[in-house]
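protein-v5.pdb follows; it contains PDB, C-alpha atoms.
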```
ATOM      1  CA  MET A1110     -17.833 -11.820 -15.769  1.00  0.00           C
ATOM      2  CA  PHE A1111     -15.674 -14.874 -16.056  1.00  0.00           C
ATOM      3  CA  GLU A1112     -13.229 -16.399 -13.636  1.00  0.00           C
ATOM      4  CA  THR A1113      -9.533 -16.697 -14.385  1.00  0.00           C
ATOM      5  CA  THR A1114      -7.012 -18.890 -12.660  1.00  0.00           C
ATOM      6  CA  LYS A1115      -3.426 -17.902 -12.105  1.00  0.00           C
ATOM      7  CA  VAL A1116      -0.717 -20.377 -11.150  1.00  0.00           C
ATOM      8  CA  VAL A1117       1.822 -19.009  -8.683  1.00  0.00           C
ATOM      9  CA  ARG A1118       5.043 -20.808  -7.763  1.00  0.00           C
ATOM     10  CA  ILE A1119       6.253 -20.104  -4.237  1.00  0.00           C
ATOM     11  CA  ARG A1120       9.228 -22.002  -2.781  1.00  0.00           C
ATOM     12  CA  LYS A1121       8.833 -25.045  -4.982  1.00  0.00           C
ATOM     13  CA  MET A1122       5.112 -25.274  -4.258  1.00  0.00           C
ATOM     14  CA  THR A1123       2.483 -24.657  -6.891  1.00  0.00           C
ATOM     15  CA  LYS A1124      -0.715 -22.997  -5.800  1.00  0.00           C
ATOM     16  CA  GLU A1125      -3.721 -22.010  -7.883  1.00  0.00           C
ATOM     17  CA  ILE A1126      -5.351 -18.704  -7.100  1.00  0.00           C
ATOM     18  CA  ALA A1127      -8.789 -17.962  -8.488  1.00  0.00           C
ATOM     19  CA  VAL A1128      -9.368 -14.316  -9.260  1.00  0.00           C
ATOM     20  CA  LYS A1129     -12.750 -12.965 -10.220  1.00  0.00           C
ATOM     21  CA  ASP A1130     -12.475 -10.141 -12.723  1.00  0.00           C
ATOM     22  CA  ASN A1131     -15.183  -8.081 -11.029  1.00  0.00           C
ATOM     23  CA  ASN A1132     -12.912  -7.720  -7.952  1.00  0.00           C
ATOM     24  CA  PHE A1133     -10.627  -5.511 -10.032  1.00  0.00           C
ATOM     25  CA  GLU A1134     -13.455  -3.001 -10.436  1.00  0.00           C
ATOM     26  CA  ARG A1135     -13.362  -2.151  -6.724  1.00  0.00           C
ATOM     27  CA  ILE A1136     -11.095   0.773  -5.926  1.00  0.00           C
ATOM     28  CA  GLU A1137      -9.974  -0.808  -2.618  1.00  0.00           C
ATOM     29  CA  VAL A1138      -8.320  -3.629  -4.532  1.00  0.00           C
ATOM     30  CA  LEU A1139      -6.159  -1.225  -6.534  1.00  0.00           C
ATOM     31  CA  PHE A1140      -5.575   1.285  -3.728  1.00  0.00           C
ATOM     32  CA  PRO A1141      -5.582  -0.481  -0.340  1.00  0.00           C
ATOM     33  CA  SER A1142      -5.802   1.910   2.581  1.00  0.00           C
ATOM     34  CA  ASN A1143      -2.590   2.902   4.304  1.00  0.00           C
ATOM     35  CA  PRO A1144      -2.791   5.483   7.094  1.00  0.00           C
ATOM     36  CA  ASP A1145       0.908   6.333   6.782  1.00  0.00           C
ATOM     37  CA  SER A1146       0.757   7.538   3.212  1.00  0.00           C
ATOM     38  CA  SER A1147       0.428  10.731   1.234  1.00  0.00           C
ATOM     39  CA  ARG A1148      -0.425  11.572  -2.350  1.00  0.00           C
ATOM     40  CA  LEU A1149       1.320  13.787  -4.885  1.00  0.00           C
ATOM     41  CA  LEU A1150       0.425  14.916  -8.372  1.00  0.00           C
ATOM     42  CA  ILE A1151       3.372  15.658 -10.642  1.00  0.00           C
ATOM     43  CA  GLY A1152       3.636  16.956 -14.180  1.00  0.00           C
ATOM     44  CA  CYS A1153       6.181  16.068 -16.828  1.00  0.00           C
ATOM     45  CA  SER A1154       6.669  15.715 -20.563  1.00  0.00           C
ATOM     46  CA  TYR A1155       6.383  12.423 -22.401  1.00  0.00           C
ATOM     47  CA  ASP A1156      10.144  12.360 -22.855  1.00  0.00           C
ATOM     48  CA  ASP A1157      10.844  12.812 -19.135  1.00  0.00           C
ATOM     49  CA  PHE A1158       8.404  10.152 -17.952  1.00  0.00           C
ATOM     50  CA  ALA A1159      10.068   7.012 -16.627  1.00  0.00           C
ATOM     51  CA  ALA A1160       8.504   5.053 -13.775  1.00  0.00           C
ATOM     52  CA  SER A1161      11.917   3.775 -12.672  1.00  0.00           C
ATOM     53  CA  ARG A1162      13.293   7.321 -12.498  1.00  0.00           C
ATOM     54  CA  ILE A1163      10.298   8.506 -10.460  1.00  0.00           C
ATOM     55  CA  ALA A1164      10.706   5.529  -8.109  1.00  0.00           C
ATOM     56  CA  ARG A1165      14.422   6.292  -7.730  1.00  0.00           C
ATOM     57  CA  ALA A1166      13.638   9.919  -6.850  1.00  0.00           C
ATOM     58  CA  ILE A1167      11.204   8.729  -4.184  1.00  0.00           C
ATOM     59  CA  GLU A1168      13.590   6.121  -2.796  1.00  0.00           C
ATOM     60  CA  ASP A1169      16.368   8.736  -2.535  1.00  0.00           C
ATOM     61  CA  CYS A1170      14.540  10.210   0.463  1.00  0.00           C
ATOM     62  CA  ASP A1171      13.927   6.827   2.162  1.00  0.00           C
ATOM     63  CA  ALA A1172      10.328   6.500   0.987  1.00  0.00           C
ATOM     64  CA  ARG A1173       8.589   3.778  -0.988  1.00  0.00           C
ATOM     65  CA  LEU A1174       6.350   4.201  -3.978  1.00  0.00           C
ATOM     66  CA  LEU A1175       2.976   2.599  -3.252  1.00  0.00           C
ATOM     67  CA  ASN A1176       1.039   3.660  -6.381  1.00  0.00           C
ATOM     68  CA  LEU A1177       1.904   5.341  -9.672  1.00  0.00           C
ATOM     69  CA  ASN A1178      -0.846   6.183 -12.141  1.00  0.00           C
ATOM     70  CA  VAL A1179      -0.706   8.206 -15.315  1.00  0.00           C
ATOM     71  CA  THR A1180      -3.892  10.267 -15.287  1.00  0.00           C
ATOM     72  CA  GLY A1181      -5.967  11.930 -17.959  1.00  0.00           C
ATOM     73  CA  LEU A1182      -5.867  15.280 -16.171  1.00  0.00           C
ATOM     74  CA  ASP A1183      -5.104  18.348 -18.241  1.00  0.00           C
ATOM     75  CA  VAL A1184      -2.253  20.169 -16.527  1.00  0.00           C
ATOM     76  CA  PRO A1185      -1.028  23.469 -17.991  1.00  0.00           C
ATOM     77  CA  GLY A1186       2.667  23.342 -18.878  1.00  0.00           C
ATOM     78  CA  SER A1187       2.877  19.540 -18.757  1.00  0.00           C
ATOM     79  CA  GLN A1188       1.926  16.814 -21.181  1.00  0.00           C
ATOM     80  CA  LEU A1189       1.408  14.153 -18.504  1.00  0.00           C
ATOM     81  CA  ALA A1190      -0.047  14.282 -15.012  1.00  0.00           C
ATOM     82  CA  VAL A1191       1.107  11.419 -12.792  1.00  0.00           C
ATOM     83  CA  ALA A1192      -0.588  10.573  -9.483  1.00  0.00           C
ATOM     84  CA  LEU A1193       1.710   9.078  -6.845  1.00  0.00           C
ATOM     85  CA  ARG A1194       1.181   7.608  -3.390  1.00  0.00           C
ATOM     86  CA  VAL A1195       4.137   7.169  -1.037  1.00  0.00           C
ATOM     87  CA  ASN A1196       4.538   5.624   2.411  1.00  0.00           C
ATOM     88  CA  HIS A1197       5.341   8.893   4.231  1.00  0.00           C
ATOM     89  CA  ARG A1198       2.745  10.987   6.041  1.00  0.00           C
ATOM     90  CA  SER A1199       4.471  14.182   5.002  1.00  0.00           C
ATOM     91  CA  PRO A1200       5.196  14.410   1.282  1.00  0.00           C
ATOM     92  CA  ASP A1201       7.512  17.438   1.542  1.00  0.00           C
ATOM     93  CA  ARG A1202      10.830  15.527   1.304  1.00  0.00           C
ATOM     94  CA  VAL A1203       9.496  13.442  -1.563  1.00  0.00           C
ATOM     95  CA  ALA A1204       8.350  16.586  -3.390  1.00  0.00           C
ATOM     96  CA  ARG A1205      11.803  18.181  -3.057  1.00  0.00           C
ATOM     97  CA  SER A1206      13.457  15.018  -4.360  1.00  0.00           C
ATOM     98  CA  LEU A1207      11.114  14.846  -7.352  1.00  0.00           C
ATOM     99  CA  GLU A1208      11.845  18.490  -8.139  1.00  0.00           C
ATOM    100  CA  ARG A1209      15.598  17.758  -8.048  1.00  0.00           C
ATOM    101  CA  TYR A1210      14.967  15.080 -10.686  1.00  0.00           C
ATOM    102  CA  GLY A1211      13.195  17.667 -12.869  1.00  0.00           C
ATOM    103  CA  TYR A1212       9.560  16.806 -12.183  1.00  0.00           C
ATOM    104  CA  ARG A1213       7.059  19.555 -11.437  1.00  0.00           C
ATOM    105  CA  VAL A1214       5.028  18.958  -8.265  1.00  0.00           C
ATOM    106  CA  ILE A1215       1.471  20.178  -8.827  1.00  0.00           C
ATOM    107  CA  SER A1216      -0.187  19.209  -5.561  1.00  0.00           C
ATOM    108  CA  LEU A1217       0.445  17.452  -2.257  1.00  0.00           C
ATOM    109  CA  GLU A1218      -2.181  15.755  -0.151  1.00  0.00           C
ATOM    110  CA  THR A1219      -1.991  14.227   3.300  1.00  0.00           C
ATOM    111  CA  ASP A1220      -4.655  12.588   5.405  1.00  0.00           C
ATOM    112  CA  SER A1221      -6.042  15.451   7.507  1.00  0.00           C
ATOM    113  CA  ALA A1222      -7.960  13.057   9.781  1.00  0.00           C
ATOM    114  CA  ASP A1223      -4.669  11.958  11.343  1.00  0.00           C
ATOM    115  CA  ASP A1224      -3.716  15.592  11.927  1.00  0.00           C
ATOM    116  CA  ASP A1225      -7.032  16.212  13.678  1.00  0.00           C
ATOM    117  CA  VAL A1226      -6.512  13.222  15.993  1.00  0.00           C
ATOM    118  CA  LEU A1227      -2.962  14.315  16.770  1.00  0.00           C
ATOM    119  CA  ARG A1228      -4.154  17.857  17.498  1.00  0.00           C
ATOM    120  CA  SER A1229      -6.870  16.492  19.781  1.00  0.00           C
ATOM    121  CA  HIS A1230      -4.357  14.410  21.759  1.00  0.00           C
ATOM    122  CA  TYR A1231      -2.035  17.386  22.038  1.00  0.00           C
ATOM    123  CA  ASP A1232      -4.860  19.587  23.389  1.00  0.00           C
ATOM    124  CA  GLU A1233      -5.800  16.927  25.960  1.00  0.00           C
ATOM    125  CA  LEU A1234      -2.174  16.660  27.098  1.00  0.00           C
ATOM    126  CA  MET A1235      -1.910  20.429  27.492  1.00  0.00           C
ATOM    127  CA  ARG A1236      -5.114  20.503  29.592  1.00  0.00           C
ATOM    128  CA  TYR A1237      -3.740  17.692  31.770  1.00  0.00           C
ATOM    129  CA  LEU A1238      -0.434  19.503  32.307  1.00  0.00           C
ATOM    130  CA  ASP A1239      -2.294  22.691  33.308  1.00  0.00           C
ATOM    131  CA  LEU A1240      -3.974  20.910  36.251  1.00  0.00           C
TER     132      LEU A1240
END
```

Is it possible to express this structure as structure tokens?
Amino acid sequence: MFETTKVVRIRKMTKEIAVKDNNFERIEVLFPSNPDSSRLLIGCSYDDFAASRIARAIEDCDARLLNLNVTGLDVPGSQLAVALRVNHRSPDRVARSLERYGYRVISLETDSADDDVLRSHYDELMRYLDL
């Protein structure tokens, strides 16, 4: 692997940033963890695919698009499968907005570990209130 240097200009200052290409192979670099996020998989045709339109559909429900990846998944009834990650724990509002824009939502995924912790805290509170 070789090392590349990128020059970034920030507020009239020039700074060199060295980036090793092998860092891009790590999945954490491309998908940093975010506990307040959820993932969606949508299907669409080649003609309907526009990243700006998908982002607009997500922003219409006060969410932000964190990742958008066109996948190689074979989805019946769609030519493209697009994996999305948004900054909401519950993807339901985002899914409804995407459907209004004509995209087909194939799957929704939230982080179930957070739900387990929340359920645990709720159970502890209920036991405390019963005393």

Query - Residues selected by the PyMOL selection byres ((chain A and resi 1188) around 6), written as an MDAnalysis selection string - result: chainID A and resid 1154 1187 1189

Residues just named, written with C-alpha atoms as a PDB file, keeping the file's coordinate frame:
```pdb
ATOM      1  CA  SER A1154       6.669  15.715 -20.563  1.00  0.00           C
ATOM      2  CA  SER A1187       2.877  19.540 -18.757  1.00  0.00           C
ATOM      3  CA  LEU A1189       1.408  14.153 -18.504  1.00  0.00           C
TER       4      LEU A1189
END
```

Query - Atomic separation - atom CA of A:Arg1228 relative to atom CA of A:Ile1151, Å - result: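 Taking atom CA of A:Ile1151 and atom CA of A:Arg1228, their separation equals 29.2 Å.
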
Query raised in the report: Near A:Ala1190, within 9 Å and counting all atoms listed in the file, which residues show up once chain neighbours fewer than 6 positions away are dropped, as a list of chain:residue names?
Result: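 The residues satisfying every condition are A:Leu1150, A:Ile1151, A:Gly1152, A:Cys1153, A:Ser1154, A:Asn1178, A:Val1179, A:Thr1180, A:Gly1181, A:Leu1182, A:Asp1183, A:Val1184, A:Ile1215.
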
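Taking atom CA of A:Gly1186 and atom CA of A:Ser1199 as the two end points, the separation is 25.6 Å.
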
Report task. Rounded to one decimal place, report the atom CA of A:Val1195-atom CA of A:Tyr1155 distance in Å. Result ->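 Separation between atom CA of A:Val1195 and atom CA of A:Tyr1155: 22.1 Å.
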
Requested in this report: Find the spatial neighbours of A:Ser1161, counting only C-alpha atoms, within a cut-off of 12 Å - ignore same-chain residues fewer than 6 positions away - and output them as a list of chain:residue names.
Outcome: A:Ile1167, A:Glu1168, A:Leu1174, A:Leu1177, A:Tyr1210
